[in-house]
$ cat model31.pdb   # PDB, C-alpha atoms
MODEL        1
ATOM      1  CA  ILE A 139     103.129 113.574  88.867
ATOM      2  CA  PHE A 140     106.485 112.581  87.413
ATOM      3  CA  ILE A 141     108.283 115.183  89.545
ATOM      4  CA  GLY A 142     106.674 113.750  92.677
ATOM      5  CA  HIS A 143     107.660 110.232  91.655
ATOM      6  CA  GLN A 144     111.236 111.330  90.943
ATOM      7  CA  ALA A 145     111.437 113.048  94.323
ATOM      8  CA  THR A 146     110.083 109.950  96.070
ATOM      9  CA  ASP A 147     112.705 107.835  94.334
ATOM     10  CA  LEU A 148     115.504 110.204  95.356
ATOM     11  CA  VAL A 149     114.390 110.224  98.992
ATOM     12  CA  ALA A 150     114.028 106.424  98.956
ATOM     13  CA  GLN A 151     117.590 106.185  97.651
ATOM     14  CA  ALA A 152     118.745 108.537 100.408
ATOM     15  CA  PHE A 153     117.081 106.330 103.044
ATOM     16  CA  GLY A 154     118.837 103.336 101.516
ATOM     17  CA  GLN A 155     122.157 105.145 101.842
ATOM     18  CA  ILE A 156     121.419 106.150 105.432
ATOM     19  CA  ARG A 157     120.409 102.607 106.359
ATOM     20  CA  SER A 158     123.610 101.238 104.789
ATOM     21  CA  LEU A 159     125.629 103.458 107.137
ATOM     22  CA  MET A 160     123.890 102.111 110.243
ATOM     23  CA  PRO A 161     125.480  99.173 112.010
ATOM     24  CA  ASP A 162     123.711  95.843 111.709
ATOM     25  CA  ALA A 163     121.440  94.910 114.572
ATOM     26  CA  LEU A 164     123.145  92.908 117.267
ATOM     27  CA  GLU A 165     122.530  89.186 117.338
ATOM     28  CA  GLY A 166     119.418  88.554 119.368
ATOM     29  CA  ALA A 167     118.091  92.087 118.852
ATOM     30  CA  PRO A 168     114.291  92.229 118.910
ATOM     31  CA  VAL A 169     112.618  92.150 115.518
ATOM     32  CA  ALA A 170     110.524  95.100 114.380
ATOM     33  CA  LEU A 171     108.221  94.371 111.452
ATOM     34  CA  GLY A 172     106.089  96.875 109.613
ATOM     35  CA  ARG A 173     104.204  97.993 106.588
ATOM     36  CA  ALA A 174     101.651 100.282 105.050
ATOM     37  CA  PRO A 175      98.228  98.657 104.542
ATOM     38  CA  ALA A 176      96.838  97.352 101.281
ATOM     39  CA  ASN A 177      96.028 100.189  98.862
ATOM     40  CA  ASP A 178      98.332 102.590 100.747
ATOM     41  CA  LEU A 179     100.963 103.331  98.130
ATOM     42  CA  TYR A 180     103.158 105.667 100.195
ATOM     43  CA  LEU A 181     106.681 104.209 100.406
ATOM     44  CA  LEU A 182     108.502 106.788 102.471
ATOM     45  CA  PRO A 183     106.650 106.745 105.815
ATOM     46  CA  SER A 184     107.343 103.042 106.328
ATOM     47  CA  GLN A 185     110.963 103.543 105.254
ATOM     48  CA  MET A 186     111.294 106.368 107.780
ATOM     49  CA  ALA A 187     109.863 104.172 110.536
ATOM     50  CA  ALA A 188     112.281 101.399 109.590
ATOM     51  CA  ALA A 189     115.226 103.796 109.779
ATOM     52  CA  VAL A 190     114.134 105.125 113.177
ATOM     53  CA  LEU A 191     113.777 101.623 114.603
ATOM     54  CA  ALA A 192     117.045 100.399 113.081
ATOM     55  CA  ASP A 193     118.800 103.345 114.679
ATOM     56  CA  LEU A 194     117.439 102.211 118.058
ATOM     57  CA  GLY A 195     118.924  98.742 117.565
ATOM     58  CA  TYR A 196     115.963  96.736 116.352
ATOM     59  CA  ASN A 197     116.395  94.067 113.691
ATOM     60  CA  VAL A 198     114.086  95.722 111.138
ATOM     61  CA  ILE A 199     111.988  94.081 108.446
ATOM     62  CA  ASN A 200     110.085  96.592 106.317
ATOM     63  CA  LEU A 201     107.373  95.010 104.185
ATOM     64  CA  GLY A 202     106.775  98.371 102.519
ATOM     65  CA  ALA A 203     103.740  99.916 100.941
ATOM     66  CA  ASP A 204     100.517  98.241  99.824
ATOM     67  CA  THR A 205     100.967  95.133 101.980
ATOM     68  CA  PRO A 206      97.857  93.134 102.852
ATOM     69  CA  ALA A 207      97.227  92.347 106.517
ATOM     70  CA  ARG A 208      97.474  88.608 105.869
ATOM     71  CA  SER A 209     101.020  89.086 104.545
ATOM     72  CA  LEU A 210     101.962  90.937 107.710
ATOM     73  CA  VAL A 211     100.518  88.119 109.827
ATOM     74  CA  GLU A 212     102.433  85.504 107.788
ATOM     75  CA  ALA A 213     105.658  87.492 108.195
ATOM     76  CA  ALA A 214     104.985  87.836 111.930
ATOM     77  CA  ARG A 215     104.622  84.063 112.261
ATOM     78  CA  MET A 216     107.931  83.596 110.467
ATOM     79  CA  HIS A 217     109.966  86.354 112.166
ATOM     80  CA  GLU A 218     108.308  86.603 115.620
ATOM     81  CA  PRO A 219     108.561  90.396 115.974
ATOM     82  CA  LYS A 220     108.378  92.098 119.324
ATOM     83  CA  LEU A 221     107.225  95.304 117.650
ATOM     84  CA  VAL A 222     104.993  95.877 114.635
ATOM     85  CA  TRP A 223     104.479  99.276 113.043
ATOM     86  CA  LEU A 224     101.608 100.349 110.820
ATOM     87  CA  SER A 225     102.147 103.365 108.584
ATOM     88  CA  ILE A 226      98.714 104.619 107.555
ATOM     89  CA  SER A 227      98.829 107.456 105.031
ATOM     90  CA  THR A 228      95.872 106.756 102.730
ATOM     91  CA  PRO A 229      92.386 107.421 104.155
ATOM     92  CA  VAL A 230      90.501 104.280 105.116
ATOM     93  CA  PRO A 231      86.951 104.250 106.527
ATOM     94  CA  SER A 232      87.348 104.272 110.315
ATOM     95  CA  ALA A 233      85.269 101.122 110.864
ATOM     96  CA  ASP A 234      87.335  99.184 108.301
ATOM     97  CA  LEU A 235      90.609 100.365 109.808
ATOM     98  CA  LYS A 236      89.494  99.459 113.337
ATOM     99  CA  ALA A 237      88.360  96.015 112.188
ATOM    100  CA  GLU A 238      91.689  95.390 110.453
ATOM    101  CA  VAL A 239      93.695  96.465 113.488
ATOM    102  CA  ARG A 240      91.559  94.372 115.862
ATOM    103  CA  ALA A 241      92.042  91.326 113.623
ATOM    104  CA  LEU A 242      95.759  91.999 113.443
ATOM    105  CA  LEU A 243      96.066  92.347 117.216
ATOM    106  CA  SER A 244      94.276  89.025 117.725
ATOM    107  CA  ALA A 245      96.445  87.267 115.107
ATOM    108  CA  LEU A 246      99.815  88.429 116.460
ATOM    109  CA  PRO A 247     101.579  86.550 119.242
ATOM    110  CA  VAL A 248     100.628  87.666 122.749
ATOM    111  CA  GLY A 249     102.899  90.446 123.929
ATOM    112  CA  THR A 250     103.670  91.841 120.476
ATOM    113  CA  SER A 251     103.486  95.619 120.639
ATOM    114  CA  VAL A 252     101.876  97.460 117.715
ATOM    115  CA  ILE A 253     102.437 101.132 116.961
ATOM    116  CA  ALA A 254     100.200 102.857 114.399
ATOM    117  CA  GLY A 255     100.922 106.232 112.913
ATOM    118  CA  GLY A 256     100.508 108.309 109.814
ATOM    119  CA  ARG A 257      98.189 111.041 108.721
ATOM    120  CA  SER A 258      95.216 108.645 108.413
ATOM    121  CA  ARG A 259      95.562 107.032 111.844
ATOM    122  CA  ASP A 260      92.531 108.896 113.188
ATOM    123  CA  GLY A 261      89.877 106.738 114.739
ATOM    124  CA  LEU A 262      92.353 104.281 116.247
ATOM    125  CA  HIS A 263      92.888 106.022 119.586
ATOM    126  CA  GLU A 264      89.985 104.214 121.222
ATOM    127  CA  LEU A 265      91.709 100.880 120.497
ATOM    128  CA  GLU A 266      94.541 101.909 122.829
ATOM    129  CA  ALA A 267      92.150 101.393 125.749
ATOM    130  CA  GLU A 268      91.272  97.910 124.462
ATOM    131  CA  SER A 269      94.830  96.649 124.119
ATOM    132  CA  PRO A 270      97.740  97.474 126.419
ATOM    133  CA  ASN A 271     100.181  96.667 123.594
ATOM    134  CA  PHE A 272      98.655  99.023 121.019
ATOM    135  CA  TYR A 273      99.867 102.594 120.584
ATOM    136  CA  VAL A 274      98.781 105.385 118.254
ATOM    137  CA  ARG A 275     101.394 108.071 117.750
ATOM    138  CA  ASN A 276     101.719 111.295 115.782
ATOM    139  CA  SER A 277     105.348 111.481 114.667
ATOM    140  CA  MET A 278     108.592 109.612 114.145
ATOM    141  CA  THR A 279     109.807 111.180 117.388
ATOM    142  CA  ASP A 280     106.823 109.621 119.169
ATOM    143  CA  LEU A 281     107.560 106.278 117.479
ATOM    144  CA  ALA A 282     111.149 106.441 118.716
ATOM    145  CA  GLU A 283     110.040 107.304 122.241
ATOM    146  CA  VAL A 284     107.647 104.352 122.507
ATOM    147  CA  ALA A 285     110.084 101.957 120.817
ATOM    148  CA  ARG A 286     112.914 103.049 123.131
ATOM    149  CA  THR A 287     110.678 102.650 126.177
ATOM    150  CA  LEU A 288     109.710  99.141 125.024
ATOM    151  CA  LEU A 289     113.373  98.240 124.576
ATOM    152  CA  GLU A 290     114.179  99.462 128.065
ATOM    153  CA  SER A 291     111.190  97.767 129.673
ATOM    154  CA  GLU A 292     110.616  94.113 130.248
ATOM    155  CA  GLU A 293     108.033  94.079 127.470
ATOM    156  CA  ILE A 294     110.785  93.421 124.913
TER     157      ILE A 294
ENDMDL
END
$ encode --input "model31.pdb" --output "structure tokens"
Amino acid sequence: IFIGHQATDLVAQAFGQIRSLMPDALEGAPVALGRAPANDLYLLPSQMAAAVLADLGYNVINLGADTPARSLVEAARMHEPKLVWLSISTPVPSADLKAEVRALLSALPVGTSVIAGGRSRDGLHELEAESPNFYVRNSMTDLAEVARTLLESEEI
């Protein structure tokens, strides 16, 4: 376990270094806000998403791992993001995950796009049909593609 924790720390430090080399977001850049859900202790996926979105020019706020939905909603009220990402790595019962995402979608300002990904995102695809601003994607490349498209469209 300690080797895994050391490796996670080293990669987290590397992401910090990479992020420090990226230019700051331009004034007025759309805010991207994200997190991993409560009880999801994986730090790196959300950090990777933050780096991808920062590279695209978003003003990124990463709430990190193990962040309750209510904290994300409070942060969204404060920062008014145009894009929210959900990094879901720890298995959650499908019904619970769907209920949380539905509640989140109804609590966010109209027009906020939400992108969910991670190895435990299964079961969320049907919600894409319910909400035109909700996306489920498989990789950081997919995240970048959707986020870039949103930047280029009139949605953001």
$ resolve_selection --input "model31.pdb" --expression "the PyMOL selection byres ((chain A and resi 205-208) around 10)" --output "CSV table (one decimal) with C-alpha atoms, in the coordinates of the input"
chain,number,residue,atom,x,y,z
A,172,GLY,CA,106.1,96.9,109.6
A,173,ARG,CA,104.2,98.0,106.6
A,174,ALA,CA,101.7,100.3,105.0
A,175,PRO,CA,98.2,98.7,104.5
A,176,ALA,CA,96.8,97.4,101.3
A,177,ASN,CA,96.0,100.2,98.9
A,178,ASP,CA,98.3,102.6,100.7
A,179,LEU,CA,101.0,103.3,98.1
A,201,LEU,CA,107.4,95.0,104.2
A,202,GLY,CA,106.8,98.4,102.5
A,203,ALA,CA,103.7,99.9,100.9
A,204,ASP,CA,100.5,98.2,99.8
A,209,SER,CA,101.0,89.1,104.5
A,210,LEU,CA,102.0,90.9,107.7
A,211,VAL,CA,100.5,88.1,109.8
A,212,GLU,CA,102.4,85.5,107.8
A,213,ALA,CA,105.7,87.5,108.2
A,214,ALA,CA,105.0,87.8,111.9
A,238,GLU,CA,91.7,95.4,110.5
A,239,VAL,CA,93.7,96.5,113.5
A,241,ALA,CA,92.0,91.3,113.6
A,242,LEU,CA,95.8,92.0,113.4
A,245,ALA,CA,96.4,87.3,115.1
$ resolve_selection --input "model31.pdb" --expression "the PyMOL selection byres ((chain A and resi 139-151) around 8)" --output "VMD selection string"
chain A and resid 152 to 155 181 to 182 185
$ atom_distance --input "model31.pdb" --atom1 "atom CA of A:Ser269" --atom2 "atom CA of A:Ala192"
25.1 Å
$ residues_around --input "model31.pdb" --residues "stretch 252-261 of chain A" --least-positions-apart "2" --cutoff "7 Å" --atoms "only C-alpha atoms" --output "JSON, numbers by chain"
{"A": [221, 222, 223, 224, 225, 226, 227, 228, 229, 232, 250, 263, 264, 271, 272, 273, 274, 275, 276]}
$ closest_residue --input "model31.pdb" --among "A:Thr279, A:Ser244, A:Ser251, A:Ser291" --to "A:Glu218" --atoms "only C-alpha atoms"
A:Ser251
$ resolve_selection --input "model31.pdb" --expression "the PyMOL selection byres ((chain A and resi 189) around 9)" --output "PyMOL selection string"
chain A and resi 153+156-157+160+184-188+190-194+198
